[in-house]
$ cat entry13.cif   # mmCIF, C-alpha atoms
data_data
loop_
_atom_site.group_PDB
_atom_site.id
_atom_site.type_symbol
_atom_site.label_atom_id
_atom_site.label_comp_id
_atom_site.auth_asym_id
_atom_site.auth_seq_id
_atom_site.Cartn_x
_atom_site.Cartn_y
_atom_site.Cartn_z
ATOM 1 C CA MET A 7 -15.865 -26.389 32.525
ATOM 2 C CA LYS A 8 -17.264 -23.090 33.727
ATOM 3 C CA ALA A 9 -16.972 -20.153 31.415
ATOM 4 C CA ASP A 10 -14.623 -17.360 32.461
ATOM 5 C CA PRO A 11 -16.806 -14.579 33.963
ATOM 6 C CA ILE A 12 -14.590 -11.878 32.454
ATOM 7 C CA GLN A 13 -14.737 -13.505 29.013
ATOM 8 C CA SER A 14 -18.509 -13.901 29.247
ATOM 9 C CA GLN A 15 -18.858 -10.257 30.242
ATOM 10 C CA GLU A 16 -16.691 -9.209 27.284
ATOM 11 C CA GLN A 17 -18.819 -11.291 24.917
ATOM 12 C CA ARG A 18 -22.034 -9.754 26.212
ATOM 13 C CA THR A 19 -20.543 -6.287 25.900
ATOM 14 C CA GLY A 20 -19.408 -7.051 22.363
ATOM 15 C CA TRP A 21 -22.853 -8.266 21.297
ATOM 16 C CA LEU A 22 -24.436 -5.242 22.944
ATOM 17 C CA MET A 23 -22.185 -2.905 20.983
ATOM 18 C CA LEU A 24 -22.860 -4.801 17.763
ATOM 19 C CA ALA A 25 -26.630 -4.800 18.258
ATOM 20 C CA PRO A 26 -27.302 -1.380 16.620
ATOM 21 C CA ALA A 27 -25.280 -2.311 13.533
ATOM 22 C CA LEU A 28 -26.930 -5.722 13.272
ATOM 23 C CA LEU A 29 -30.366 -4.142 13.609
ATOM 24 C CA LEU A 30 -29.508 -1.665 10.874
ATOM 25 C CA LEU A 31 -28.359 -4.500 8.615
ATOM 26 C CA LEU A 32 -31.619 -6.331 9.204
ATOM 27 C CA LEU A 33 -33.598 -3.259 8.244
ATOM 28 C CA VAL A 34 -31.677 -2.262 5.122
ATOM 29 C CA PHE A 35 -30.515 -5.685 3.917
ATOM 30 C CA ALA A 36 -32.414 -8.670 5.279
ATOM 31 C CA TYR A 37 -35.907 -7.212 5.053
ATOM 32 C CA PRO A 38 -35.677 -6.166 1.364
ATOM 33 C CA ILE A 39 -34.357 -9.611 0.407
ATOM 34 C CA LEU A 40 -37.092 -11.418 2.326
ATOM 35 C CA ARG A 41 -39.663 -9.047 0.869
ATOM 36 C CA SER A 42 -38.344 -9.704 -2.645
ATOM 37 C CA PHE A 43 -38.509 -13.456 -2.077
ATOM 38 C CA TRP A 44 -42.113 -13.173 -0.910
ATOM 39 C CA LEU A 45 -43.076 -10.918 -3.826
ATOM 40 C CA SER A 46 -41.437 -13.323 -6.314
ATOM 41 C CA MET A 47 -44.116 -15.886 -5.422
ATOM 42 C CA PHE A 48 -46.802 -13.621 -6.860
ATOM 43 C CA ALA A 49 -47.747 -12.352 -10.299
ATOM 44 C CA GLN A 50 -48.091 -8.590 -10.018
ATOM 45 C CA ASN A 51 -48.078 -6.781 -13.338
ATOM 46 C CA LEU A 52 -50.336 -4.944 -15.762
ATOM 47 C CA GLY A 53 -52.075 -8.234 -16.592
ATOM 48 C CA THR A 54 -53.254 -8.515 -12.994
ATOM 49 C CA GLN A 55 -53.989 -4.787 -12.778
ATOM 50 C CA LEU A 56 -50.980 -4.503 -10.442
ATOM 51 C CA LYS A 57 -52.750 -6.689 -7.884
ATOM 52 C CA PRO A 58 -50.678 -9.532 -6.367
ATOM 53 C CA VAL A 59 -51.910 -12.976 -7.445
ATOM 54 C CA PHE A 60 -50.194 -16.012 -5.955
ATOM 55 C CA SER A 61 -48.342 -17.921 -8.678
ATOM 56 C CA GLY A 62 -45.919 -20.138 -6.755
ATOM 57 C CA LEU A 63 -42.729 -20.800 -8.710
ATOM 58 C CA ASP A 64 -44.107 -19.584 -12.064
ATOM 59 C CA ASN A 65 -41.804 -16.562 -12.100
ATOM 60 C CA TYR A 66 -38.764 -18.801 -11.675
ATOM 61 C CA LEU A 67 -39.948 -21.220 -14.348
ATOM 62 C CA ARG A 68 -40.488 -18.273 -16.667
ATOM 63 C CA MET A 69 -36.894 -17.268 -16.111
ATOM 64 C CA VAL A 70 -35.649 -20.570 -17.551
ATOM 65 C CA GLY A 71 -37.080 -19.749 -20.964
ATOM 66 C CA ASP A 72 -36.333 -16.024 -20.864
ATOM 67 C CA GLY A 73 -33.741 -15.468 -23.579
ATOM 68 C CA ARG A 74 -33.294 -11.824 -22.643
ATOM 69 C CA PHE A 75 -32.403 -12.787 -19.090
ATOM 70 C CA TRP A 76 -29.762 -15.280 -20.229
ATOM 71 C CA GLN A 77 -28.340 -12.743 -22.665
ATOM 72 C CA SER A 78 -28.107 -10.129 -19.919
ATOM 73 C CA LEU A 79 -26.476 -12.725 -17.650
ATOM 74 C CA TRP A 80 -23.932 -13.500 -20.372
ATOM 75 C CA ASN A 81 -23.245 -9.781 -20.858
ATOM 76 C CA THR A 82 -22.797 -9.420 -17.107
ATOM 77 C CA ALA A 83 -20.357 -12.341 -17.014
ATOM 78 C CA ILE A 84 -18.265 -10.868 -19.848
ATOM 79 C CA PHE A 85 -18.229 -7.420 -18.288
ATOM 80 C CA THR A 86 -17.376 -8.759 -14.834
ATOM 81 C CA CYS A 87 -14.632 -11.207 -15.834
ATOM 82 C CA VAL A 88 -12.831 -8.920 -18.278
ATOM 83 C CA SER A 89 -13.064 -5.744 -16.198
ATOM 84 C CA VAL A 90 -12.021 -7.411 -12.932
ATOM 85 C CA ALA A 91 -9.091 -9.180 -14.605
ATOM 86 C CA LEU A 92 -7.813 -5.947 -16.155
ATOM 87 C CA GLU A 93 -8.363 -3.993 -12.953
ATOM 88 C CA LEU A 94 -6.397 -6.566 -10.968
ATOM 89 C CA LEU A 95 -3.543 -6.476 -13.472
ATOM 90 C CA PHE A 96 -3.323 -2.680 -13.653
ATOM 91 C CA GLY A 97 -4.032 -2.289 -9.941
ATOM 92 C CA MET A 98 -1.116 -4.559 -9.089
ATOM 93 C CA ALA A 99 1.193 -2.571 -11.379
ATOM 94 C CA ILE A 100 0.113 0.739 -9.834
ATOM 95 C CA ALA A 101 0.455 -0.637 -6.298
ATOM 96 C CA LEU A 102 4.025 -1.750 -7.034
ATOM 97 C CA ILE A 103 4.798 1.750 -8.337
ATOM 98 C CA LEU A 104 3.278 3.480 -5.301
ATOM 99 C CA ASN A 105 4.886 1.180 -2.730
ATOM 100 C CA PRO A 106 8.576 2.287 -2.791
ATOM 101 C CA THR A 107 9.660 5.465 -1.014
ATOM 102 C CA TYR A 108 10.562 8.299 -3.391
ATOM 103 C CA LYS A 109 10.147 12.044 -3.658
ATOM 104 C CA GLY A 110 6.638 13.092 -4.621
ATOM 105 C CA ARG A 111 5.056 9.757 -3.703
ATOM 106 C CA ALA A 112 2.227 11.423 -1.776
ATOM 107 C CA LEU A 113 1.287 13.510 -4.816
ATOM 108 C CA VAL A 114 1.363 10.472 -7.094
ATOM 109 C CA ARG A 115 -0.895 8.555 -4.694
ATOM 110 C CA THR A 116 -3.373 11.437 -4.587
ATOM 111 C CA VAL A 117 -3.523 11.708 -8.372
ATOM 112 C CA ALA A 118 -3.926 7.937 -8.708
ATOM 113 C CA LEU A 119 -7.017 8.070 -6.484
ATOM 114 C CA LEU A 120 -8.840 10.779 -8.442
ATOM 115 C CA PRO A 121 -10.778 8.475 -10.831
ATOM 116 C CA TRP A 122 -12.158 6.506 -7.890
ATOM 117 C CA ALA A 123 -13.176 9.659 -6.020
ATOM 118 C CA LEU A 124 -15.221 11.136 -8.878
ATOM 119 C CA PRO A 125 -18.934 10.250 -9.276
ATOM 120 C CA THR A 126 -19.563 7.290 -11.569
ATOM 121 C CA ALA A 127 -22.409 8.978 -13.449
ATOM 122 C CA LEU A 128 -20.194 11.976 -14.195
ATOM 123 C CA LEU A 129 -17.387 9.734 -15.432
ATOM 124 C CA GLY A 130 -19.847 7.780 -17.569
ATOM 125 C CA LEU A 131 -20.954 10.989 -19.240
ATOM 126 C CA ALA A 132 -17.333 12.019 -19.799
ATOM 127 C CA TRP A 133 -16.482 8.660 -21.378
ATOM 128 C CA THR A 134 -19.557 8.926 -23.576
ATOM 129 C CA TRP A 135 -18.069 12.075 -25.060
ATOM 130 C CA ILE A 136 -14.620 10.497 -25.308
ATOM 131 C CA PHE A 137 -16.049 7.702 -27.463
ATOM 132 C CA ASN A 138 -18.341 9.990 -29.474
ATOM 133 C CA ASP A 139 -18.041 9.139 -33.186
ATOM 134 C CA GLN A 140 -17.924 12.780 -34.355
ATOM 135 C CA PHE A 141 -16.383 14.815 -31.542
ATOM 136 C CA GLY A 142 -14.703 12.166 -29.365
ATOM 137 C CA VAL A 143 -11.065 12.571 -28.435
ATOM 138 C CA TRP A 144 -10.436 8.829 -28.839
ATOM 139 C CA ASN A 145 -11.302 8.904 -32.540
ATOM 140 C CA ASP A 146 -9.216 12.047 -32.934
ATOM 141 C CA ILE A 147 -6.156 10.363 -31.427
ATOM 142 C CA LEU A 148 -6.545 7.259 -33.591
ATOM 143 C CA MET A 149 -6.992 9.319 -36.765
ATOM 144 C CA ARG A 150 -3.920 11.432 -35.963
ATOM 145 C CA LEU A 151 -1.932 8.222 -35.532
ATOM 146 C CA GLY A 152 -3.260 6.924 -38.854
ATOM 147 C CA ILE A 153 -4.870 3.864 -37.275
ATOM 148 C CA ILE A 154 -8.362 4.736 -38.568
ATOM 149 C CA GLN A 155 -9.450 6.924 -41.476
ATOM 150 C CA ALA A 156 -12.898 7.926 -40.219
ATOM 151 C CA GLY A 157 -14.647 8.190 -36.883
ATOM 152 C CA VAL A 158 -15.840 4.915 -35.350
ATOM 153 C CA ASN A 159 -19.175 4.776 -33.527
ATOM 154 C CA TRP A 160 -17.769 2.935 -30.515
ATOM 155 C CA LEU A 161 -20.962 3.021 -28.468
ATOM 156 C CA GLY A 162 -23.226 2.271 -31.428
ATOM 157 C CA ASP A 163 -21.666 -1.018 -32.486
ATOM 158 C CA PRO A 164 -22.429 -4.205 -30.484
ATOM 159 C CA MET A 165 -18.830 -5.398 -30.754
ATOM 160 C CA THR A 166 -17.184 -2.194 -29.523
ATOM 161 C CA ALA A 167 -19.817 -0.948 -27.066
ATOM 162 C CA MET A 168 -18.917 -3.584 -24.481
ATOM 163 C CA MET A 169 -15.224 -2.788 -24.911
ATOM 164 C CA ALA A 170 -15.967 0.899 -24.319
ATOM 165 C CA VAL A 171 -17.897 0.396 -21.070
ATOM 166 C CA ILE A 172 -15.234 -2.041 -19.828
ATOM 167 C CA ALA A 173 -12.532 0.568 -20.531
ATOM 168 C CA ALA A 174 -14.482 3.182 -18.588
ATOM 169 C CA ASP A 175 -15.013 0.835 -15.641
ATOM 170 C CA VAL A 176 -11.339 -0.181 -15.574
ATOM 171 C CA TRP A 177 -10.263 3.472 -15.532
ATOM 172 C CA LYS A 178 -12.730 4.227 -12.735
ATOM 173 C CA THR A 179 -12.108 1.265 -10.423
ATOM 174 C CA THR A 180 -8.432 0.381 -10.836
ATOM 175 C CA PRO A 181 -7.361 2.939 -8.176
ATOM 176 C CA PHE A 182 -9.595 1.206 -5.628
ATOM 177 C CA ILE A 183 -7.864 -2.106 -6.256
ATOM 178 C CA SER A 184 -4.409 -0.509 -6.225
ATOM 179 C CA ILE A 185 -5.004 1.042 -2.791
ATOM 180 C CA LEU A 186 -6.164 -2.274 -1.317
ATOM 181 C CA LEU A 187 -3.156 -4.079 -2.772
ATOM 182 C CA LEU A 188 -0.855 -1.278 -1.619
ATOM 183 C CA ALA A 189 -2.015 -1.827 1.958
ATOM 184 C CA GLY A 190 -1.103 -5.485 1.586
ATOM 185 C CA LEU A 191 2.315 -4.672 0.112
ATOM 186 C CA GLN A 192 3.189 -2.380 3.005
ATOM 187 C CA SER A 193 2.448 -5.170 5.466
ATOM 188 C CA ILE A 194 5.239 -7.312 3.982
ATOM 189 C CA SER A 195 8.520 -6.939 5.850
ATOM 190 C CA GLU A 196 11.446 -5.517 3.897
ATOM 191 C CA ASP A 197 13.713 -7.999 5.673
ATOM 192 C CA LEU A 198 12.298 -10.784 3.519
ATOM 193 C CA TYR A 199 13.342 -9.004 0.323
ATOM 194 C CA GLU A 200 16.778 -8.161 1.715
ATOM 195 C CA ALA A 201 17.406 -11.760 2.705
ATOM 196 C CA HIS A 202 16.227 -12.955 -0.695
ATOM 197 C CA ALA A 203 18.451 -10.437 -2.494
ATOM 198 C CA ILE A 204 21.473 -11.614 -0.506
ATOM 199 C CA ASP A 205 20.761 -15.108 -1.825
ATOM 200 C CA GLY A 206 21.047 -13.710 -5.351
ATOM 201 C CA ALA A 207 17.356 -13.585 -6.237
ATOM 202 C CA THR A 208 16.174 -11.333 -9.065
ATOM 203 C CA PRO A 209 13.287 -8.836 -8.583
ATOM 204 C CA TRP A 210 10.958 -11.155 -10.495
ATOM 205 C CA GLN A 211 11.936 -14.092 -8.279
ATOM 206 C CA SER A 212 11.253 -11.975 -5.190
ATOM 207 C CA PHE A 213 7.875 -10.970 -6.573
ATOM 208 C CA SER A 214 6.826 -14.519 -7.443
ATOM 209 C CA THR A 215 8.265 -16.086 -4.279
ATOM 210 C CA ILE A 216 7.516 -13.459 -1.625
ATOM 211 C CA THR A 217 5.119 -10.773 -2.818
ATOM 212 C CA LEU A 218 2.563 -12.839 -4.671
ATOM 213 C CA PRO A 219 2.093 -15.610 -2.060
ATOM 214 C CA LEU A 220 1.908 -13.189 0.879
ATOM 215 C CA LEU A 221 -0.397 -10.872 -1.050
ATOM 216 C CA MET A 222 -2.779 -13.630 -2.080
ATOM 217 C CA PRO A 223 -5.276 -13.030 0.799
ATOM 218 C CA GLN A 224 -5.595 -9.376 -0.245
ATOM 219 C CA ILE A 225 -5.966 -10.418 -3.869
ATOM 220 C CA LEU A 226 -8.803 -12.781 -3.002
ATOM 221 C CA ILE A 227 -10.529 -10.060 -0.972
ATOM 222 C CA VAL A 228 -10.156 -7.638 -3.877
ATOM 223 C CA LEU A 229 -11.618 -10.180 -6.274
ATOM 224 C CA LEU A 230 -14.622 -10.732 -4.004
ATOM 225 C CA PHE A 231 -15.244 -7.001 -3.623
ATOM 226 C CA ARG A 232 -14.890 -6.241 -7.297
ATOM 227 C CA PHE A 233 -16.852 -9.266 -8.472
ATOM 228 C CA ALA A 234 -19.835 -8.190 -6.398
ATOM 229 C CA GLY A 235 -19.470 -4.578 -7.551
ATOM 230 C CA ALA A 236 -18.982 -5.357 -11.241
ATOM 231 C CA PHE A 237 -21.771 -7.930 -11.291
ATOM 232 C CA GLY A 238 -24.193 -5.312 -9.989
ATOM 233 C CA VAL A 239 -23.006 -2.464 -12.231
ATOM 234 C CA PHE A 240 -25.804 -0.115 -13.210
ATOM 235 C CA ASP A 241 -25.049 3.608 -13.321
ATOM 236 C CA LEU A 242 -22.021 3.491 -15.631
ATOM 237 C CA ILE A 243 -23.708 1.423 -18.349
ATOM 238 C CA GLN A 244 -27.023 3.229 -17.920
ATOM 239 C CA VAL A 245 -25.327 6.560 -18.610
ATOM 240 C CA MET A 246 -23.066 5.379 -21.446
ATOM 241 C CA THR A 247 -25.271 3.026 -23.473
ATOM 242 C CA GLY A 248 -28.510 2.375 -21.595
ATOM 243 C CA GLY A 249 -27.934 -1.315 -22.319
ATOM 244 C CA GLY A 250 -27.707 -0.847 -26.069
ATOM 245 C CA PRO A 251 -27.105 -1.131 -28.881
ATOM 246 C CA GLY A 252 -29.625 -3.929 -29.307
ATOM 247 C CA GLY A 253 -29.072 -5.202 -25.769
ATOM 248 C CA ALA A 254 -25.347 -5.758 -26.367
ATOM 249 C CA THR A 255 -24.438 -4.126 -23.045
ATOM 250 C CA GLU A 256 -27.613 -4.852 -21.093
ATOM 251 C CA VAL A 257 -26.533 -6.420 -17.816
ATOM 252 C CA VAL A 258 -28.746 -8.096 -15.230
ATOM 253 C CA SER A 259 -29.214 -4.942 -13.154
ATOM 254 C CA LEU A 260 -30.472 -3.001 -16.181
ATOM 255 C CA TYR A 261 -32.822 -5.830 -17.112
ATOM 256 C CA ILE A 262 -34.240 -5.881 -13.585
ATOM 257 C CA TYR A 263 -34.676 -2.116 -13.698
ATOM 258 C CA ALA A 264 -36.499 -2.309 -17.031
ATOM 259 C CA THR A 265 -38.689 -5.178 -15.822
ATOM 260 C CA VAL A 266 -39.811 -3.321 -12.711
ATOM 261 C CA MET A 267 -39.811 0.348 -13.721
ATOM 262 C CA ARG A 268 -40.655 0.147 -17.429
ATOM 263 C CA TYR A 269 -42.852 -2.932 -17.711
ATOM 264 C CA LEU A 270 -44.207 -2.785 -14.116
ATOM 265 C CA ASP A 271 -43.741 -6.545 -13.728
ATOM 266 C CA PHE A 272 -42.994 -6.525 -10.009
ATOM 267 C CA GLY A 273 -43.301 -10.252 -9.349
ATOM 268 C CA TYR A 274 -40.915 -11.293 -12.104
ATOM 269 C CA GLY A 275 -38.534 -8.465 -11.220
ATOM 270 C CA ALA A 276 -38.443 -9.715 -7.625
ATOM 271 C CA ALA A 277 -37.636 -13.233 -8.868
ATOM 272 C CA LEU A 278 -34.736 -11.825 -10.883
ATOM 273 C CA VAL A 279 -33.470 -10.034 -7.778
ATOM 274 C CA VAL A 280 -33.652 -13.213 -5.683
ATOM 275 C CA VAL A 281 -31.786 -15.328 -8.239
ATOM 276 C CA THR A 282 -29.093 -12.680 -8.667
ATOM 277 C CA PHE A 283 -28.715 -12.365 -4.902
ATOM 278 C CA LEU A 284 -28.403 -16.129 -4.405
ATOM 279 C CA PHE A 285 -25.808 -16.341 -7.180
ATOM 280 C CA LEU A 286 -23.709 -13.587 -5.580
ATOM 281 C CA VAL A 287 -24.005 -15.222 -2.146
ATOM 282 C CA ALA A 288 -22.813 -18.532 -3.608
ATOM 283 C CA VAL A 289 -19.803 -16.883 -5.252
ATOM 284 C CA VAL A 290 -18.891 -14.990 -2.077
ATOM 285 C CA LEU A 291 -19.160 -18.146 0.035
ATOM 286 C CA ILE A 292 -16.935 -20.074 -2.363
ATOM 287 C CA GLY A 293 -14.432 -17.210 -2.418
ATOM 288 C CA SER A 294 -14.481 -16.969 1.386
ATOM 289 C CA PHE A 295 -13.839 -20.703 1.639
ATOM 290 C CA PHE A 296 -10.711 -20.455 -0.507
ATOM 291 C CA LEU A 297 -9.636 -17.283 1.330
ATOM 292 C CA ASN A 298 -9.846 -18.974 4.731
ATOM 293 C CA LYS A 299 -8.114 -22.048 3.360
ATOM 294 C CA TYR A 300 -5.252 -19.970 1.982
ATOM 295 C CA ARG A 301 -4.967 -17.968 5.210
ATOM 296 C CA ALA A 302 -4.657 -21.217 7.149
ATOM 297 C CA LYS A 303 -1.916 -22.293 4.766
ATOM 298 C CA ILE A 304 -0.059 -18.987 5.097
ATOM 299 C CA SER A 305 -0.298 -19.076 8.894
ATOM 300 C CA GLY A 306 1.662 -22.320 8.843
ATOM 301 C CA VAL A 307 4.576 -20.753 6.983
ATOM 302 C CA ASN A 308 7.311 -19.964 9.471
ATOM 303 C CA SER A 309 10.169 -18.933 7.226
ATOM 304 C CA ILE A 310 10.832 -17.678 3.730
ATOM 305 C CA SER A 311 12.244 -21.050 2.761
ATOM 306 C CA ASP A 312 8.804 -22.581 3.389
ATOM 307 C CA LEU A 313 7.325 -20.432 0.626
#

$ encode --input "entry13.cif" --output "structure tokens"
Amino acid sequence: MKADPIQSQEQRTGWLMLAPALLLLLLVFAYPILRSFWLSMFAQNLGTQLKPVFSGLDNYLRMVGDGRFWQSLWNTAIFTCVSVALELLFGMAIALILNPTYKGRALVRTVALLPWALPTALLGLAWTWIFNDQFGVWNDILMRLGIIQAGVNWLGDPMTAMMAVIAADVWKTTPFISILLLAGLQSISEDLYEAHAIDGATPWQSFSTITLPLLMPQILIVLLFRFAGAFGVFDLIQVMTGGGPGGATEVVSLYIYATVMRYLDFGYGAALVVVTFLFLVAVVLIGSFFLNKYRAKISGVNSISDL
């Protein structure tokens, strides 16, 4: 069958319009990754006088026995899983509050967005003072409530430092998730809820039967966005703890930064970048697979009774 000339012309026009963006992506995304992969095949550090010496897969084999790398990967996993789970929970609650029509809703939405709009480094510095053991407002509140008797060094203890940076990240990023979920909520027809209410359904039954299934594509997109963002967190932890105390909050991005900028081990740092990139790509591909599968399932739903 011959291709439709109009359709072919539209496709050529579309590719022509996309060409500048694709070229920009190649320059700012593809080239650095390919360059990092190439550099990871060389040993380039102080031991080689910063001259590249081909080493094959030695940098990757070194990674297997690098305890600091695995510890930073574990810290990253804890930070990512806990922060994203809390942000999704609180973001959903805020989105449900912002969705109905009521007086002053625009003001409430604006205020809810403020944490996301402020610079991360500035917020990290503010939270550092909040958790300060001598002058922090958090210790002051807990002592006034009688929960603690003396100031706690939240950022100086390995057990509480991770909790502190997670709290700061949740406060910063929850508005972003709530706005994305709010957009999904507003795309759901009110007729579905009215029909369900006529059948005698409770608000919780409407949420679990209508809202949650229809919102699942947006939830999966949010999880993909936030997983990639949380896994690559750098500025917040760098400002609040610098990866301390004793490496308790050192995530992969901070370890890569220290490897390259502090120890000048460019080859090994490039290998760390490549492995981290491949891991993120694998997670995104898996998430996209389930997202497309769920979208195909939702597209086959023709009535509320099918849910």

$ atom_distance --input "entry13.cif" --atom1 "atom CA of Leu297 of chain A" --atom2 "atom CA of Ile227 of chain A"
7.6 Å

$ closest_residue --input "entry13.cif" --among "A:Leu79, A:Leu45, A:Met23, A:Met165" --to "Leu63 of chain A" --atoms "only C-alpha atoms"
A:Leu45

$ residues_around --input "entry13.cif" --residues "Leu218 of chain A" --least-positions-apart "6" --cutoff "12 Å" --atoms "all atoms listed in the file" --output "PDB file with C-alpha atoms, in the coordinates of the input"
ATOM      1  CA  MET A  98      -1.116  -4.559  -9.089  1.00  0.00           C
ATOM      2  CA  LEU A 102       4.025  -1.750  -7.034  1.00  0.00           C
ATOM      3  CA  LEU A 187      -3.156  -4.079  -2.772  1.00  0.00           C
ATOM      4  CA  GLY A 190      -1.103  -5.485   1.586  1.00  0.00           C
ATOM      5  CA  LEU A 191       2.315  -4.672   0.112  1.00  0.00           C
ATOM      6  CA  ILE A 194       5.239  -7.312   3.982  1.00  0.00           C
ATOM      7  CA  TRP A 210      10.958 -11.155 -10.495  1.00  0.00           C
ATOM      8  CA  GLN A 211      11.936 -14.092  -8.279  1.00  0.00           C
ATOM      9  CA  SER A 212      11.253 -11.975  -5.190  1.00  0.00           C
ATOM     10  CA  GLN A 224      -5.595  -9.376  -0.245  1.00  0.00           C
ATOM     11  CA  ILE A 225      -5.966 -10.418  -3.869  1.00  0.00           C
ATOM     12  CA  LEU A 226      -8.803 -12.781  -3.002  1.00  0.00           C
ATOM     13  CA  ILE A 304      -0.059 -18.987   5.097  1.00  0.00           C
ATOM     14  CA  LEU A 313       7.325 -20.432   0.626  1.00  0.00           C
TER      15      LEU A 313
END

$ resolve_selection --input "entry13.cif" --expression "the PyMOL selection byres ((chain A and resi 256) around 10)" --output "MDAnalysis selection string"
chainID A and resid 74:75 77:82 168 240 243:244 247:255 257:261

$ atom_distance --input "entry13.cif" --atom1 "atom CA of Thr282 of chain A" --atom2 "atom CA of Phe43 of chain A"
11.5 Å

$ atom_distance --input "entry13.cif" --atom1 "atom CA of Phe182 of chain A" --atom2 "atom CA of Thr217 of chain A"
19.2 Å

$ axis_aligned_box --input "entry13.cif" --around "segment 141-152 of chain A" --padding-each-side "4 Å" --output "lines of an AutoDock Vina configuration file"
center_x = -9.2
center_y = 10.9
center_z = -33.6
size_x = 22.5
size_y = 15.9
size_z = 18.4

$ closest_residue --input "entry13.cif" --among "A:Ala156, A:Gly273, A:Leu151, A:Gly142" --to "Ser61 of chain A" --atoms "all atoms listed in the file"
A:Gly273

$ resolve_selection --input "entry13.cif" --expression "the PyMOL selection byres ((chain A and resi 137) around 10)" --output "MDAnalysis selection string"
chainID A and resid 132:136 138:146 157:162 167 170:171 246

$ residues_around --input "entry13.cif" --residues "Asp197 of chain A" --least-positions-apart "3" --cutoff "12 Å" --atoms "all atoms listed in the file" --output "list of chain:residue names"
A:Ser193, A:Ile194, A:Glu200, A:Ala201, A:His202, A:Ala203, A:Ile204, A:Ser212, A:Ile216, A:Ser309, A:Ile310

$ closest_residue --input "entry13.cif" --among "A:Asp205, A:Pro58, A:Leu29, A:Leu119" --to "Leu104 of chain A" --atoms "all atoms listed in the file"
A:Leu119

$ residues_around --input "entry13.cif" --residues "segment 48-52 of chain A" --least-positions-apart "5" --cutoff "12 Å" --atoms "all atoms listed in the file" --output "list in words"
Arg41, Ser42, Phe43, Lys57, Pro58, Val59, Phe60, Ser61, Gly62, Leu63, Asp64, Asn65, Tyr66, Arg68, Thr265, Val266, Met267, Arg268, Tyr269, Leu270, Asp271, Phe272, Gly273, Tyr274, Gly275, Ala276 and Ala277 of chain A

$ write_last_selection --input "entry13.cif" --atoms "C-alpha atoms" --output "PDB file, in the coordinates of the input"
ATOM      1  CA  ARG A  41     -39.663  -9.047   0.869  1.00  0.00           C
ATOM      2  CA  SER A  42     -38.344  -9.704  -2.645  1.00  0.00           C
ATOM      3  CA  PHE A  43     -38.509 -13.456  -2.077  1.00  0.00           C
ATOM      4  CA  LYS A  57     -52.750  -6.689  -7.884  1.00  0.00           C
ATOM      5  CA  PRO A  58     -50.678  -9.532  -6.367  1.00  0.00           C
ATOM      6  CA  VAL A  59     -51.910 -12.976  -7.445  1.00  0.00           C
ATOM      7  CA  PHE A  60     -50.194 -16.012  -5.955  1.00  0.00           C
ATOM      8  CA  SER A  61     -48.342 -17.921  -8.678  1.00  0.00           C
ATOM      9  CA  GLY A  62     -45.919 -20.138  -6.755  1.00  0.00           C
ATOM     10  CA  LEU A  63     -42.729 -20.800  -8.710  1.00  0.00           C
ATOM     11  CA  ASP A  64     -44.107 -19.584 -12.064  1.00  0.00           C
ATOM     12  CA  ASN A  65     -41.804 -16.562 -12.100  1.00  0.00           C
ATOM     13  CA  TYR A  66     -38.764 -18.801 -11.675  1.00  0.00           C
ATOM     14  CA  ARG A  68     -40.488 -18.273 -16.667  1.00  0.00           C
ATOM     15  CA  THR A 265     -38.689  -5.178 -15.822  1.00  0.00           C
ATOM     16  CA  VAL A 266     -39.811  -3.321 -12.711  1.00  0.00           C
ATOM     17  CA  MET A 267     -39.811   0.348 -13.721  1.00  0.00           C
ATOM     18  CA  ARG A 268     -40.655   0.147 -17.429  1.00  0.00           C
ATOM     19  CA  TYR A 269     -42.852  -2.932 -17.711  1.00  0.00           C
ATOM     20  CA  LEU A 270     -44.207  -2.785 -14.116  1.00  0.00           C
ATOM     21  CA  ASP A 271     -43.741  -6.545 -13.728  1.00  0.00           C
ATOM     22  CA  PHE A 272     -42.994  -6.525 -10.009  1.00  0.00           C
ATOM     23  CA  GLY A 273     -43.301 -10.252  -9.349  1.00  0.00           C
ATOM     24  CA  TYR A 274     -40.915 -11.293 -12.104  1.00  0.00           C
ATOM     25  CA  GLY A 275     -38.534  -8.465 -11.220  1.00  0.00           C
ATOM     26  CA  ALA A 276     -38.443  -9.715  -7.625  1.00  0.00           C
ATOM     27  CA  ALA A 277     -37.636 -13.233  -8.868  1.00  0.00           C
TER      28      ALA A 277
END

$ build_atoms --input "entry13.cif" --residues "segment 15-19 of chain A" --atoms "N, CA, C and O atoms" --output "JSON list (two decimals), in the coordinates of the input"
[["chain", "number", "residue", "atom", "x", "y", "z"],
["A", 15, "GLN", "N", -18.48, -11.67, 30.19],
["A", 15, "GLN", "CA", -18.86, -10.26, 30.24],
["A", 15, "GLN", "C", -18.41, -9.53, 28.99],
["A", 15, "GLN", "O", -19.13, -8.69, 28.44],
["A", 16, "GLU", "N", -17.20, -9.84, 28.50],
["A", 16, "GLU", "CA", -16.69, -9.21, 27.28],
["A", 16, "GLU", "C", -17.55, -9.59, 26.08],
["A", 16, "GLU", "O", -17.81, -8.76, 25.20],
["A", 17, "GLN", "N", -17.97, -10.86, 26.03],
["A", 17, "GLN", "CA", -18.82, -11.29, 24.92],
["A", 17, "GLN", "C", -20.17, -10.59, 24.93],
["A", 17, "GLN", "O", -20.67, -10.15, 23.90],
["A", 18, "ARG", "N", -20.76, -10.46, 26.11],
["A", 18, "ARG", "CA", -22.03, -9.75, 26.21],
["A", 18, "ARG", "C", -21.89, -8.29, 25.83],
["A", 18, "ARG", "O", -22.75, -7.73, 25.14],
["A", 19, "THR", "N", -20.79, -7.69, 26.26],
["A", 19, "THR", "CA", -20.54, -6.29, 25.90],
["A", 19, "THR", "C", -20.35, -6.14, 24.40],
["A", 19, "THR", "O", -20.84, -5.19, 23.78]]
